[in-house]
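> Okay, here's the structure, questions in a sec.
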2 protein chains.
Amino acid sequence: MTTRNPQQTRERLLQTAFQEIHAHGFQGMRVDEVLRQSGLQKGAFYHHFGSKIELGYAVLEEQIKPLLELIWIEPLVEIEDPVRDIPKMLESLGSRIPTSMHEHGCPLNNLAQEMSTQDEGFRERIYEIFNTWMEAFTAVFERAKQNGYIRDDVDSCAVSRFVIAALEGCIGIFKVKNTPEQWTACQSQIAIYLGALRPVT
Amino acid sequence: MTTRNPQQTRERLLQTAFQEIHAHGFQGMRVDEVLRQSGLQKGAFYHHFGSKIELGYAVLEEQIKPLLELIWIEPLVEIEDPVRDIPKMLESLGSRIPTSMHEHGCPLNNLAQEMSTQDEGFRERIYEIFNTWMEAFTAVFERAKQNGYIRDDVDSCAVSRFVIAALEGCIGIFKVKNTPEQWTACQSQIAIYLGALRPVT
DNA sequence: ATACTAACAGACCAACTGGTTTGTTTGTAT
DNA sequence: ATACAAACAAACCAGTTGGTCTGTTAGTAT
């Protein structure tokens with residue numbers, strides 16, 4: 001007589017699905033495997049989610065989005081001088097994230113690459129999340145602009161987008177070859193790029 | 001009595017498979033669909049390729065690799081001053097590539113993201129191709145270093161890797177939102193980064 | 001206590017998927 | 001002309017996959 005807990009059941013499915021999607025992609029994720037790992041049955045699954053793709057949307061909104069905000073967006077509020085602090089933030093990142101991230105990269109970008117051209121529902125949701133991320137960066141650069149840490153004529157939006165793109169690009173390359181030196185080298189180049197935003201003294 | 005042409009049959013399968021992989025990913029590509037589009041039968045397919053994954057390897061080596069060399073590596077030999085010429089090269093790129101690239105991004109990076117953590121055979125091959133690309137860039141930067149276009153202390157390897165990563169990152173973001181302005185903005189930021197490599201005058 | 005609904009369990013299914021097998025035809029060396 | 005291997009065509013197959021259906025049980029309002 002295990003007492004019922006629908007919220008926990010749902011969360012369990014979401015977390016397991018998140019892991020499986022992260023490891024094998026959305027198309028590679030198997031509903032049966034999620035069920036096996038979570039120790040649940042089809043009935044439970046299709047009671048909580050209408051279809052595989054709806055589960056995918058839920059994972060995106062309820063697992064990936066909060067994780068991104070925790071790891072990438074929240075630390076941004078502490079940044080005063082982006083040229084100095086963003087590289088510092090990146091340095092500490094390696095140890096602030098679980099091993100699964102080192103192995104399988106950024107869950108958001110993985111889904112973006114795999115699904116945004118396959119399904120409009122995914123694309124829209126991913127776009128919104130990327131936008132939130134970008135706006136958070138833009139706020140940092142605008143603030144830094146006012147405080148004279150970077151030049152007036154810097155295009156904060158373009159810089160934000162490029163920083164995110166470069167990060168995702170580097171993380172992506174790590175899938176092919178991942179060594180600690182690669183990550184530090186990547187940091188250095190981001191630092192060089194950010195340094196170019198400094199006002200001419 | 002259509003005259004037989006095994007080489008052409010093989011090439012036909014490879015090209016169709018390339019398109020399907022580019023559009024749906026390797027896991028999303030269906031052997032049956034490749035057969036339908038190429039107007040061939042199972043017998044033809046499994047005569048030329050041992051399995052789906054072997055076809056994938058062949059597409060990588062015989063379709064994607066040559067394409068990358070044509071579009072990205074060959075133009076590099078004409079580059080004298082990377083700070084000036086790489087942005088220029090990127091500018092002309094948009095019109096030098098087919099529409100499928102705008103829609104589905106870089107076929108190499110797509111496979112890298114999807115398959116390098118799934119299958120070691122893919123990872124190895126992709127790694128080699130990325131390496132070729134990186135070495136081509138490194139040669140450009142080393143040459144530029146000798147000619148005084150960039151600083152002596154520039155880490156050509158790290159810069160090459162970062163340029164490729166940033167490019168792939170930007171192309172990846174385009175899948176989520178692709179407008180011409182996004183591409184020009186990306187170019188500008190790459191130009192800013194490269195500008196930071198100039199010697200201090 | 002009763003009725004009713006949410007929350008499952010688990011058998012079942014149709015479509016799909018990569019791969020195999022068998023047979024036939026075409027080119028080619030002898 | 002004959003033999004033989006390469007190059008296919010096409011039916012076939014077993015395992016998988018997302019999804020459905022029926023039934024059962026736990027919670028909850030009355």
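Here, A, B, ... name the chains of the structure tokens in the order displayed, residue numbers run from 1 inside each chain, and ligands are numbered from 1 in the same displayed order.
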List the neighbours of stretch 3-19 of chain B out to 9 Å using only C-alpha atoms (C1' of nucleotides); skip same-chain residues closer than 2 positions along the sequence, and give me the result as a PyMOL selection string.
(chain B and resi 1+21-24+29-31+33-35+37-38+40+44-45+48-49+55-56+58-60+62-64+100+107) or (chain C and resi 26-27) or (chain D and resi 7-8)
> Next, write the just-selected residues to a file, as a PDB file, in the first residue's frame, keeping C-alpha atoms (C1' of nucleotides) as the atom set.

ATOM      1  CA  MET B   1      17.469  -2.489 -69.990  1.00  0.00           C
ATOM      2  CA  ILE B  21      20.916  13.116 -42.506  1.00  0.00           C
ATOM      3  CA  HIS B  22      21.339  16.847 -42.903  1.00  0.00           C
ATOM      4  CA  ALA B  23      17.602  17.354 -42.628  1.00  0.00           C
ATOM      5  CA  HIS B  24      16.723  14.883 -39.867  1.00  0.00           C
ATOM      6  CA  MET B  29      17.327   9.445 -41.206  1.00  0.00           C
ATOM      7  CA  ARG B  30      15.389   6.397 -42.406  1.00  0.00           C
ATOM      8  CA  VAL B  31      16.960   3.864 -44.755  1.00  0.00           C
ATOM      9  CA  GLU B  33      13.156   6.948 -47.091  1.00  0.00           C
ATOM     10  CA  VAL B  34      16.599   7.157 -48.691  1.00  0.00           C
ATOM     11  CA  LEU B  35      15.621   4.204 -50.847  1.00  0.00           C
ATOM     12  CA  GLN B  37      13.907   9.063 -52.781  1.00  0.00           C
ATOM     13  CA  SER B  38      16.699   7.451 -54.745  1.00  0.00           C
ATOM     14  CA  LEU B  40      16.345   2.005 -55.373  1.00  0.00           C
ATOM     15  CA  ALA B  44      21.051  -2.196 -53.833  1.00  0.00           C
ATOM     16  CA  PHE B  45      21.562  -0.536 -50.482  1.00  0.00           C
ATOM     17  CA  HIS B  48      26.911  -1.135 -51.339  1.00  0.00           C
ATOM     18  CA  PHE B  49      26.794  -0.591 -47.567  1.00  0.00           C
ATOM     19  CA  LEU B  55      26.488   4.519 -44.670  1.00  0.00           C
ATOM     20  CA  GLY B  56      26.762   7.260 -42.076  1.00  0.00           C
ATOM     21  CA  ALA B  58      30.653   7.023 -45.792  1.00  0.00           C
ATOM     22  CA  VAL B  59      28.502  10.157 -45.912  1.00  0.00           C
ATOM     23  CA  LEU B  60      30.860  11.774 -43.445  1.00  0.00           C
ATOM     24  CA  GLU B  62      32.792  11.154 -48.935  1.00  0.00           C
ATOM     25  CA  GLN B  63      30.189  13.911 -48.780  1.00  0.00           C
ATOM     26  CA  ILE B  64      30.655  16.114 -45.739  1.00  0.00           C
ATOM     27  CA  SER B 100      19.971  23.685 -47.210  1.00  0.00           C
ATOM     28  CA  PRO B 107      26.286  19.105 -41.460  1.00  0.00           C
TER      29      PRO B 107
ATOM     30  C1'  DT C  26      23.967  -7.601 -66.297  1.00  0.00           C
ATOM     31  C1'  DG C  27      28.681  -7.199 -67.337  1.00  0.00           C
TER      32       DG C  27
ATOM     33  C1'  DA D   7      24.747  -5.604 -59.083  1.00  0.00           C
ATOM     34  C1'  DC D   8      20.775  -5.320 -58.136  1.00  0.00           C
TER      35       DC D   8
END
> Residues of chain D near chain B: apply a cut-off of 12 Å, count only C-alpha atoms (C1' of nucleotides), and supply the list as a PyMOL selection string.
chain D and resi 6-12
> Create the file for the chosen residues now, containing N, CA and C atoms (P, O5', C5', C4', C3', O3' and C1' of nucleotides) and written as a short mmCIF file (atom, residue, chain, number, x, y, z; two decimals), in the first residue's frame.

data_model
loop_
_atom_site.label_atom_id
_atom_site.label_comp_id
_atom_site.auth_asym_id
_atom_site.auth_seq_id
_atom_site.Cartn_x
_atom_site.Cartn_y
_atom_site.Cartn_z
P DA D 6 32.58 -10.46 -56.83
"O5'" DA D 6 31.96 -9.08 -57.33
"C5'" DA D 6 32.40 -8.53 -58.57
"C4'" DA D 6 31.27 -7.77 -59.22
"C3'" DA D 6 30.54 -6.79 -58.29
"O3'" DA D 6 30.36 -5.58 -59.00
"C1'" DA D 6 28.97 -8.26 -59.28
P DA D 7 29.72 -4.29 -58.25
"O5'" DA D 7 28.19 -4.37 -58.67
"C5'" DA D 7 27.84 -4.28 -60.05
"C4'" DA D 7 26.33 -4.29 -60.19
"C3'" DA D 7 25.59 -3.41 -59.16
"O3'" DA D 7 24.51 -2.75 -59.82
"C1'" DA D 7 24.75 -5.60 -59.08
P DC D 8 23.89 -1.40 -59.16
"O5'" DC D 8 23.13 -1.96 -57.88
"C5'" DC D 8 21.72 -1.83 -57.79
"C4'" DC D 8 21.03 -3.03 -58.41
"C3'" DC D 8 19.62 -3.21 -57.90
"O3'" DC D 8 18.70 -2.52 -58.73
"C1'" DC D 8 20.77 -5.32 -58.14
P DA D 9 17.34 -2.02 -58.14
"O5'" DA D 9 16.42 -3.31 -58.15
"C5'" DA D 9 16.10 -3.95 -59.39
"C4'" DA D 9 15.03 -5.00 -59.16
"C3'" DA D 9 13.85 -4.53 -58.30
"O3'" DA D 9 12.65 -5.09 -58.83
"C1'" DA D 9 14.95 -6.36 -57.23
P DA D 10 11.25 -4.52 -58.32
"O5'" DA D 10 10.84 -5.54 -57.17
"C5'" DA D 10 10.98 -6.94 -57.39
"C4'" DA D 10 10.70 -7.70 -56.11
"C3'" DA D 10 9.71 -7.03 -55.16
"O3'" DA D 10 8.87 -8.02 -54.63
"C1'" DA D 10 11.64 -7.55 -54.00
P DA D 11 7.40 -7.61 -54.07
"O5'" DA D 11 7.08 -8.89 -53.16
"C5'" DA D 11 7.49 -10.17 -53.60
"C4'" DA D 11 8.10 -10.95 -52.43
"C3'" DA D 11 7.24 -10.96 -51.16
"O3'" DA D 11 7.11 -12.29 -50.70
"C1'" DA D 11 9.45 -10.29 -50.65
P DC D 12 6.16 -12.62 -49.43
"O5'" DC D 12 7.19 -12.67 -48.22
"C5'" DC D 12 8.46 -13.28 -48.43
"C4'" DC D 12 9.31 -13.08 -47.19
"C3'" DC D 12 8.52 -13.04 -45.87
"O3'" DC D 12 9.01 -14.04 -45.00
"C1'" DC D 12 10.07 -11.24 -45.99
#
> Between C:DG18, C:DT24, C:DC8, C:DA29, which one has atoms that come closest to B:Ser51, using only C-alpha atoms (C1' of nucleotides)?
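Answer, going by the shortest atom-to-atom distance: C:DG18.
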> Give me the residues within 6 Å of B:Ile150 as a PyMOL selection string, counting only C-alpha atoms (C1' of nucleotides) and dropping any in the same chain fewer than 2 places off.
chain B and resi 145+148+197-199
> With DSSP run on the backbone, what are the helix (DSSP H, G or I) residues within stretch 13-200 of chain B? I'd like them as number ranges by chain.
B: 13-24, 31-38, 42-48, 52-78, 82-96, 99-104, 107-115, 120-146, 156-176, 180-195
> Write the residues of the preceding selection, restricted to C-alpha atoms, as a short mmCIF file (atom, residue, chain, number, x, y, z; two decimals), in the first residue's frame.

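Contents of part.cif, as written:
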data_model
loop_
_atom_site.label_atom_id
_atom_site.label_comp_id
_atom_site.auth_asym_id
_atom_site.auth_seq_id
_atom_site.Cartn_x
_atom_site.Cartn_y
_atom_site.Cartn_z
CA LEU B 13 22.62 6.62 -52.22
CA LEU B 14 25.31 8.74 -50.60
CA GLN B 15 23.87 12.01 -51.83
CA THR B 16 20.32 11.17 -50.84
CA ALA B 17 21.48 9.93 -47.46
CA PHE B 18 23.49 13.10 -46.99
CA GLN B 19 20.40 15.22 -47.59
CA GLU B 20 18.29 13.11 -45.25
CA ILE B 21 20.92 13.12 -42.51
CA HIS B 22 21.34 16.85 -42.90
CA ALA B 23 17.60 17.35 -42.63
CA HIS B 24 16.72 14.88 -39.87
CA VAL B 31 16.96 3.86 -44.75
CA ASP B 32 13.58 3.25 -46.38
CA GLU B 33 13.16 6.95 -47.09
CA VAL B 34 16.60 7.16 -48.69
CA LEU B 35 15.62 4.20 -50.85
CA ARG B 36 12.31 5.76 -51.80
CA GLN B 37 13.91 9.06 -52.78
CA SER B 38 16.70 7.45 -54.74
CA LYS B 42 17.01 -2.75 -50.24
CA GLY B 43 19.16 -5.08 -52.28
CA ALA B 44 21.05 -2.20 -53.83
CA PHE B 45 21.56 -0.54 -50.48
CA TYR B 46 22.92 -3.50 -48.60
CA HIS B 47 25.05 -4.44 -51.55
CA HIS B 48 26.91 -1.13 -51.34
CA LYS B 52 23.06 2.09 -41.70
CA ILE B 53 25.98 3.24 -39.60
CA GLU B 54 28.50 2.35 -42.32
CA LEU B 55 26.49 4.52 -44.67
CA GLY B 56 26.76 7.26 -42.08
CA TYR B 57 30.54 6.93 -42.00
CA ALA B 58 30.65 7.02 -45.79
CA VAL B 59 28.50 10.16 -45.91
CA LEU B 60 30.86 11.77 -43.45
CA GLU B 61 34.00 10.88 -45.36
CA GLU B 62 32.79 11.15 -48.94
CA GLN B 63 30.19 13.91 -48.78
CA ILE B 64 30.66 16.11 -45.74
CA LYS B 65 34.44 16.14 -45.62
CA PRO B 66 34.91 17.19 -49.28
CA LEU B 67 32.19 19.83 -48.90
CA LEU B 68 33.89 21.30 -45.86
CA GLU B 69 37.18 21.43 -47.68
CA LEU B 70 35.60 23.13 -50.65
CA ILE B 71 33.66 25.74 -48.71
CA TRP B 72 35.82 26.40 -45.66
CA ILE B 73 39.36 25.18 -46.15
CA GLU B 74 40.21 26.03 -49.76
CA PRO B 75 39.30 29.73 -49.41
CA LEU B 76 41.75 29.97 -46.52
CA VAL B 77 44.81 29.76 -48.78
CA GLU B 78 43.95 33.16 -50.26
CA PRO B 82 43.28 37.18 -41.28
CA VAL B 83 42.03 40.18 -39.29
CA ARG B 84 40.94 41.81 -42.54
CA ASP B 85 40.26 38.80 -44.77
CA ILE B 86 38.40 36.32 -42.55
CA PRO B 87 35.47 38.71 -41.97
CA LYS B 88 35.46 39.38 -45.70
CA MET B 89 35.40 35.65 -46.39
CA LEU B 90 32.50 35.19 -43.98
CA GLU B 91 30.60 37.94 -45.73
CA SER B 92 30.69 36.16 -49.06
CA LEU B 93 29.90 32.85 -47.44
CA GLY B 94 26.15 33.38 -47.20
CA SER B 95 25.82 33.35 -50.97
CA ARG B 96 28.45 30.67 -51.60
CA THR B 99 19.90 27.00 -49.05
CA SER B 100 19.97 23.68 -47.21
CA MET B 101 22.88 25.01 -45.17
CA HIS B 102 20.89 28.03 -44.06
CA GLU B 103 18.03 25.76 -43.09
CA HIS B 104 19.83 22.94 -41.36
CA PRO B 107 26.29 19.10 -41.46
CA LEU B 108 29.57 18.34 -39.73
CA ASN B 109 28.65 20.03 -36.48
CA ASN B 110 25.16 18.55 -36.57
CA LEU B 111 26.65 15.07 -36.67
CA ALA B 112 29.24 16.02 -34.08
CA GLN B 113 26.56 17.11 -31.63
CA GLU B 114 24.27 14.18 -32.28
CA MET B 115 26.62 11.26 -32.76
CA GLU B 120 33.00 6.10 -31.12
CA GLY B 121 33.37 5.48 -34.85
CA PHE B 122 31.60 8.72 -35.58
CA ARG B 123 33.56 10.60 -32.93
CA GLU B 124 36.92 9.52 -34.32
CA ARG B 125 36.07 10.46 -37.88
CA ILE B 126 34.54 13.78 -36.89
CA TYR B 127 37.55 14.55 -34.75
CA GLU B 128 39.87 14.02 -37.70
CA ILE B 129 37.86 16.31 -39.94
CA PHE B 130 37.70 19.05 -37.32
CA ASN B 131 41.45 18.65 -36.91
CA THR B 132 42.07 19.15 -40.61
CA TRP B 133 39.98 22.29 -40.47
CA MET B 134 41.80 23.57 -37.41
CA GLU B 135 45.21 22.94 -38.91
CA ALA B 136 44.25 24.89 -42.00
CA PHE B 137 43.32 27.85 -39.80
CA THR B 138 46.45 27.47 -37.73
CA ALA B 139 48.59 27.67 -40.85
CA VAL B 140 46.88 30.94 -41.76
CA PHE B 141 47.54 32.44 -38.34
CA GLU B 142 51.14 31.26 -38.23
CA ARG B 143 51.76 32.83 -41.62
CA ALA B 144 50.09 36.04 -40.49
CA LYS B 145 52.23 36.02 -37.38
CA GLN B 146 55.41 35.93 -39.44
CA SER B 156 47.36 29.98 -33.18
CA CYS B 157 45.83 26.66 -32.17
CA ALA B 158 43.61 28.17 -29.50
CA VAL B 159 42.55 30.95 -31.85
CA SER B 160 41.77 28.50 -34.64
CA ARG B 161 39.71 26.31 -32.35
CA PHE B 162 37.87 29.30 -31.00
CA VAL B 163 37.08 30.72 -34.42
CA ILE B 164 35.65 27.37 -35.50
CA ALA B 165 33.74 26.97 -32.24
CA ALA B 166 32.34 30.49 -32.45
CA LEU B 167 31.29 29.97 -36.04
CA GLU B 168 29.59 26.67 -35.27
CA GLY B 169 27.98 28.26 -32.25
CA CYS B 170 26.56 31.11 -34.33
CA ILE B 171 25.36 28.78 -37.09
CA GLY B 172 23.72 26.70 -34.38
CA ILE B 173 21.85 29.66 -32.96
CA PHE B 174 20.55 30.44 -36.44
CA LYS B 175 18.53 27.26 -36.30
CA VAL B 176 16.50 28.81 -33.52
CA PRO B 180 20.28 38.10 -42.24
CA GLU B 181 21.03 40.67 -39.53
CA GLN B 182 21.99 37.87 -37.15
CA TRP B 183 24.67 36.73 -39.54
CA THR B 184 26.14 40.20 -40.07
CA ALA B 185 26.10 40.75 -36.30
CA CYS B 186 27.99 37.49 -35.85
CA GLN B 187 30.54 38.59 -38.45
CA SER B 188 31.05 41.88 -36.66
CA GLN B 189 31.81 40.15 -33.38
CA ILE B 190 34.27 37.76 -35.02
CA ALA B 191 35.91 40.81 -36.58
CA ILE B 192 36.14 42.44 -33.14
CA TYR B 193 37.73 39.32 -31.72
CA LEU B 194 40.24 39.05 -34.55
CA GLY B 195 41.04 42.74 -34.17
#
> Find the residue from A:Gly39, A:Ser116, A:Gly50, A:Asn178 that sits nearest to A:Phe26; use only C-alpha atoms when measuring.
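Distance minimum relative to A:Phe26 lands on A:Ser116.
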